[in-house]
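**Q** Right, I'll just put the structure down here and ask away after.
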Amino acid sequence: MFFAILFFYLLSLYVSFIATRTVPAPKTTLGSSVSEFVEERARKHLDAITSFGPRPAGSYANEIQAVNYIVGALQTIKDSAQEDVIIEIDIQRPSGSFNLGFFDGFTSVYRNVTNILVRITPTDSYPPRNTVLVNGHFDSVPGGPGASDDAVSCAVMLEVVRCLAQTRNFRFTHGVVFNFNGAEENVLQASHGFITQHKWAETIRAFVNLEAAGAGPYALISGHPGGVTPGNPRAFAPRHLQIPLTQGQYSSTKSYHC
Ligand SMILES: [Zn+2]
């Protein structure tokens, strides 16, 4: 009896070990339909964005090269979109200031940071009264390529935008706003500029922030109970959930807290 229990215990350990470390093979454009998320396309976006080198906010690589690439990719997607969705692209350059309460507290002042916004709305729901926000940042720290933090999220977002735009009769009800955020590493300046100043912020009812959280094998999902609105811009993430990392899932540790 003892050995039977031990056997099943070891078997369950083995199965869970395999299950959490096995991911499906990446999809390629060959043999995939337009409605499928294709890792090959996302990888090309990631390679392109990181090829510009470190992208601190304000640098030529961030404000010109990365912006031109992302806007060009979005325009290509828009040009090939189905007729049952409306796609709008907007480049925001907000300026502002806010207080940060960590360390001993200080004021962050910013000018002309960049948000590249794209909103996808089913034609029947336009203009949308309710939207979901998906955010990722393409700026990096000065000394790194910013691949996992956070160009990979922007690459994933581009491929998700393409899926939504090119899938006929996708049948989602409300709008989706994607924010390709150009000033996160200086501590959330572009996020503040969007949520306090952009006209689409009023419609946001929920958000997903895609952010680096170390390497696998687990994805980390953070959640918070309150909605993020211009009236409640500083909700923070008190809960974390670790799930096995499979293809198409990403890490997130920071909520969109400005
Ligand atoms: Zn980041």
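Quick note on naming: the chains in the structure tokens go A, B, ... in the order shown, residues restart at 1 in each chain, and ligands are numbered from 1 in order of appearance.
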Residues at most 12 Å from ligand 1, using only C-alpha atoms and all ligand atoms? Could they come as JSON, numbers by chain?
**A** {"A": [56, 135, 136, 137, 138, 139, 140, 141, 144, 145, 146, 147, 148, 149, 150, 151, 152, 153, 154, 180, 181, 182, 183, 184, 185, 186, 187, 188, 191, 209, 210, 211, 212, 213, 214, 251, 252, 253, 254, 255, 256]}
**Q** Please provide the set of residues having any atom within 12 Å of Ile70 in chain A, restricted to only C-alpha atoms, with same-chain residues fewer than 3 positions apart removed, written as a PDB file with N, CA and C atoms, in the first residue's frame.
**A**
ATOM      1  N   LYS A  44       9.078  38.790 -35.599  1.00  0.00           N
ATOM      2  CA  LYS A  44       9.642  39.775 -36.531  1.00  0.00           C
ATOM      3  C   LYS A  44       9.475  41.193 -35.991  1.00  0.00           C
ATOM      4  N   HIS A  45       8.334  41.458 -35.369  1.00  0.00           N
ATOM      5  CA  HIS A  45       8.149  42.777 -34.749  1.00  0.00           C
ATOM      6  C   HIS A  45       9.166  42.989 -33.621  1.00  0.00           C
ATOM      7  N   LEU A  46       9.355  41.955 -32.809  1.00  0.00           N
ATOM      8  CA  LEU A  46      10.301  42.062 -31.691  1.00  0.00           C
ATOM      9  C   LEU A  46      11.716  42.322 -32.202  1.00  0.00           C
ATOM     10  N   ALA A  48      12.571  43.698 -34.997  1.00  0.00           N
ATOM     11  CA  ALA A  48      12.660  45.038 -35.584  1.00  0.00           C
ATOM     12  C   ALA A  48      12.790  46.107 -34.497  1.00  0.00           C
ATOM     13  N   ILE A  49      11.958  46.020 -33.474  1.00  0.00           N
ATOM     14  CA  ILE A  49      11.969  47.058 -32.426  1.00  0.00           C
ATOM     15  C   ILE A  49      13.292  47.041 -31.664  1.00  0.00           C
ATOM     16  N   THR A  50      13.788  45.857 -31.334  1.00  0.00           N
ATOM     17  CA  THR A  50      15.044  45.784 -30.578  1.00  0.00           C
ATOM     18  C   THR A  50      16.255  46.119 -31.445  1.00  0.00           C
ATOM     19  N   ASN A  62      13.851  55.755 -29.664  1.00  0.00           N
ATOM     20  CA  ASN A  62      12.504  55.575 -29.102  1.00  0.00           C
ATOM     21  C   ASN A  62      11.464  56.453 -29.805  1.00  0.00           C
ATOM     22  N   GLU A  63      11.777  57.730 -29.936  1.00  0.00           N
ATOM     23  CA  GLU A  63      10.763  58.689 -30.406  1.00  0.00           C
ATOM     24  C   GLU A  63      10.593  58.690 -31.925  1.00  0.00           C
ATOM     25  N   ILE A  64      11.631  58.289 -32.660  1.00  0.00           N
ATOM     26  CA  ILE A  64      11.543  58.327 -34.125  1.00  0.00           C
ATOM     27  C   ILE A  64      11.504  56.906 -34.698  1.00  0.00           C
ATOM     28  N   GLN A  65      12.570  56.121 -34.431  1.00  0.00           N
ATOM     29  CA  GLN A  65      12.659  54.816 -35.092  1.00  0.00           C
ATOM     30  C   GLN A  65      11.575  53.848 -34.621  1.00  0.00           C
ATOM     31  N   ALA A  66      11.431  53.693 -33.303  1.00  0.00           N
ATOM     32  CA  ALA A  66      10.418  52.756 -32.795  1.00  0.00           C
ATOM     33  C   ALA A  66       9.009  53.238 -33.130  1.00  0.00           C
ATOM     34  N   VAL A  67       8.786  54.540 -33.003  1.00  0.00           N
ATOM     35  CA  VAL A  67       7.452  55.087 -33.318  1.00  0.00           C
ATOM     36  C   VAL A  67       7.128  54.859 -34.788  1.00  0.00           C
ATOM     37  N   ALA A  73       3.498  49.593 -38.951  1.00  0.00           N
ATOM     38  CA  ALA A  73       2.892  48.266 -38.840  1.00  0.00           C
ATOM     39  C   ALA A  73       1.387  48.376 -38.601  1.00  0.00           C
ATOM     40  N   LEU A  74       0.989  49.328 -37.766  1.00  0.00           N
ATOM     41  CA  LEU A  74      -0.450  49.522 -37.500  1.00  0.00           C
ATOM     42  C   LEU A  74      -1.182  49.999 -38.758  1.00  0.00           C
ATOM     43  N   GLN A  75      -0.540  50.878 -39.517  1.00  0.00           N
ATOM     44  CA  GLN A  75      -1.179  51.380 -40.734  1.00  0.00           C
ATOM     45  C   GLN A  75      -1.372  50.242 -41.745  1.00  0.00           C
ATOM     46  N   THR A  76      -0.387  49.361 -41.844  1.00  0.00           N
ATOM     47  CA  THR A  76      -0.509  48.205 -42.738  1.00  0.00           C
ATOM     48  C   THR A  76      -1.679  47.322 -42.316  1.00  0.00           C
ATOM     49  N   ILE A  77      -1.816  47.113 -41.010  1.00  0.00           N
ATOM     50  CA  ILE A  77      -2.938  46.310 -40.498  1.00  0.00           C
ATOM     51  C   ILE A  77      -4.259  47.010 -40.804  1.00  0.00           C
ATOM     52  N   ILE A  89      -6.082  55.233 -35.358  1.00  0.00           N
ATOM     53  CA  ILE A  89      -4.714  55.344 -34.829  1.00  0.00           C
ATOM     54  C   ILE A  89      -4.494  56.779 -34.386  1.00  0.00           C
ATOM     55  N   ASP A  90      -3.962  56.950 -33.190  1.00  0.00           N
ATOM     56  CA  ASP A  90      -3.750  58.301 -32.679  1.00  0.00           C
ATOM     57  C   ASP A  90      -2.421  58.350 -31.930  1.00  0.00           C
ATOM     58  N   ILE A  91      -1.589  59.301 -32.283  1.00  0.00           N
ATOM     59  CA  ILE A  91      -0.326  59.496 -31.554  1.00  0.00           C
ATOM     60  C   ILE A  91      -0.513  60.652 -30.586  1.00  0.00           C
ATOM     61  N   ASN A 115       2.534  58.264 -26.608  1.00  0.00           N
ATOM     62  CA  ASN A 115       1.658  57.090 -26.606  1.00  0.00           C
ATOM     63  C   ASN A 115       1.169  56.872 -28.032  1.00  0.00           C
ATOM     64  N   ILE A 116       1.336  55.657 -28.530  1.00  0.00           N
ATOM     65  CA  ILE A 116       0.740  55.300 -29.828  1.00  0.00           C
ATOM     66  C   ILE A 116      -0.521  54.506 -29.513  1.00  0.00           C
ATOM     67  N   LEU A 117      -1.654  55.057 -29.865  1.00  0.00           N
ATOM     68  CA  LEU A 117      -2.923  54.421 -29.500  1.00  0.00           C
ATOM     69  C   LEU A 117      -3.633  53.915 -30.740  1.00  0.00           C
ATOM     70  N   VAL A 118      -4.200  52.741 -30.615  1.00  0.00           N
ATOM     71  CA  VAL A 118      -5.062  52.225 -31.676  1.00  0.00           C
ATOM     72  C   VAL A 118      -6.338  51.705 -31.023  1.00  0.00           C
ATOM     73  N   HIS A 137       4.844  48.727 -23.108  1.00  0.00           N
ATOM     74  CA  HIS A 137       5.718  49.870 -23.405  1.00  0.00           C
ATOM     75  C   HIS A 137       6.892  49.478 -24.291  1.00  0.00           C
ATOM     76  N   PHE A 138       7.232  50.402 -25.204  1.00  0.00           N
ATOM     77  CA  PHE A 138       8.350  50.133 -26.111  1.00  0.00           C
ATOM     78  C   PHE A 138       9.628  50.869 -25.710  1.00  0.00           C
ATOM     79  N   ALA A 151       9.478  45.249 -25.132  1.00  0.00           N
ATOM     80  CA  ALA A 151       9.181  45.231 -26.574  1.00  0.00           C
ATOM     81  C   ALA A 151       8.402  43.987 -26.968  1.00  0.00           C
ATOM     82  N   CYS A 154       4.796  44.667 -26.915  1.00  0.00           N
ATOM     83  CA  CYS A 154       4.349  45.464 -28.067  1.00  0.00           C
ATOM     84  C   CYS A 154       4.266  44.595 -29.320  1.00  0.00           C
ATOM     85  N   ALA A 155       5.211  43.661 -29.467  1.00  0.00           N
ATOM     86  CA  ALA A 155       5.165  42.742 -30.603  1.00  0.00           C
ATOM     87  C   ALA A 155       3.913  41.864 -30.532  1.00  0.00           C
ATOM     88  N   VAL A 156       3.607  41.384 -29.346  1.00  0.00           N
ATOM     89  CA  VAL A 156       2.399  40.574 -29.153  1.00  0.00           C
ATOM     90  C   VAL A 156       1.150  41.405 -29.434  1.00  0.00           C
ATOM     91  N   MET A 157       1.151  42.639 -28.955  1.00  0.00           N
ATOM     92  CA  MET A 157      -0.007  43.514 -29.186  1.00  0.00           C
ATOM     93  C   MET A 157      -0.224  43.748 -30.679  1.00  0.00           C
ATOM     94  N   LEU A 158       0.836  43.961 -31.427  1.00  0.00           N
ATOM     95  CA  LEU A 158       0.684  44.160 -32.873  1.00  0.00           C
ATOM     96  C   LEU A 158       0.029  42.945 -33.527  1.00  0.00           C
ATOM     97  N   GLU A 159       0.441  41.768 -33.103  1.00  0.00           N
ATOM     98  CA  GLU A 159      -0.138  40.557 -33.703  1.00  0.00           C
ATOM     99  C   GLU A 159      -1.590  40.358 -33.257  1.00  0.00           C
ATOM    100  N   VAL A 161      -3.647  42.856 -32.529  1.00  0.00           N
ATOM    101  CA  VAL A 161      -4.385  43.856 -33.317  1.00  0.00           C
ATOM    102  C   VAL A 161      -4.669  43.300 -34.715  1.00  0.00           C
ATOM    103  N   PHE A 178      -5.555  49.796 -27.606  1.00  0.00           N
ATOM    104  CA  PHE A 178      -4.185  49.344 -27.351  1.00  0.00           C
ATOM    105  C   PHE A 178      -3.315  50.584 -27.184  1.00  0.00           C
ATOM    106  N   ASN A 179      -2.544  50.610 -26.104  1.00  0.00           N
ATOM    107  CA  ASN A 179      -1.604  51.712 -25.895  1.00  0.00           C
ATOM    108  C   ASN A 179      -0.169  51.201 -25.992  1.00  0.00           C
ATOM    109  N   PHE A 180       0.496  51.581 -27.085  1.00  0.00           N
ATOM    110  CA  PHE A 180       1.930  51.335 -27.210  1.00  0.00           C
ATOM    111  C   PHE A 180       2.605  52.517 -26.511  1.00  0.00           C
ATOM    112  N   ASN A 181       3.040  52.245 -25.305  1.00  0.00           N
ATOM    113  CA  ASN A 181       3.408  53.266 -24.322  1.00  0.00           C
ATOM    114  C   ASN A 181       4.894  53.601 -24.469  1.00  0.00           C
ATOM    115  N   GLY A 182       5.223  54.880 -24.685  1.00  0.00           N
ATOM    116  CA  GLY A 182       6.598  55.257 -24.986  1.00  0.00           C
ATOM    117  C   GLY A 182       7.405  55.822 -23.834  1.00  0.00           C
TER     118      GLY A 182
END
**Q** Quick one: residues within 9 Å of Glu36 in chain A, only C-alpha atoms, excluding same-chain residues fewer than 6 positions away - as a ChimeraX atom specification?
**A** /A:27,160,163,167
**Q** Would you put the residues from that selection into a file with N, CA and C atoms, as a PDB file, in the first residue's frame?
**A**
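Saved as result_37.pdb:
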ATOM      1  N   LYS A  27       3.496  28.859 -33.913  1.00  0.00           N
ATOM      2  CA  LYS A  27       2.846  28.839 -35.222  1.00  0.00           C
ATOM      3  C   LYS A  27       3.642  29.691 -36.204  1.00  0.00           C
ATOM      4  N   VAL A 160      -1.912  40.733 -32.023  1.00  0.00           N
ATOM      5  CA  VAL A 160      -3.300  40.641 -31.565  1.00  0.00           C
ATOM      6  C   VAL A 160      -4.174  41.650 -32.320  1.00  0.00           C
ATOM      7  N   CYS A 163      -4.946  40.180 -35.634  1.00  0.00           N
ATOM      8  CA  CYS A 163      -5.982  39.134 -35.541  1.00  0.00           C
ATOM      9  C   CYS A 163      -7.372  39.766 -35.449  1.00  0.00           C
ATOM     10  N   THR A 167      -9.908  39.236 -38.820  1.00  0.00           N
ATOM     11  CA  THR A 167     -10.821  38.099 -38.667  1.00  0.00           C
ATOM     12  C   THR A 167     -12.246  38.549 -38.974  1.00  0.00           C
TER      13      THR A 167
END
**Q** Between A:Arg129, A:Lys78, A:Arg111, A:Arg93, which has the minimum distance to His174 in chain A (counting only C-alpha atoms)?
**A**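 That would be A:Arg129, the residue with the smallest distance to His174 in chain A.
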**Q** Using only C-alpha atoms for the distances, tell me which of A:Pro128, A:Gly72, A:Gly96, A:Pro54 is nearest to His192 in chain A.
**A**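 Closest residue, counting only C-alpha atoms: A:Gly96.
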**Q** Range 41-80 of chain A: which residues are helix (DSSP H, G or I) by DSSP, as a ChimeraX atom specification?
**A** /A:41-50,60-79
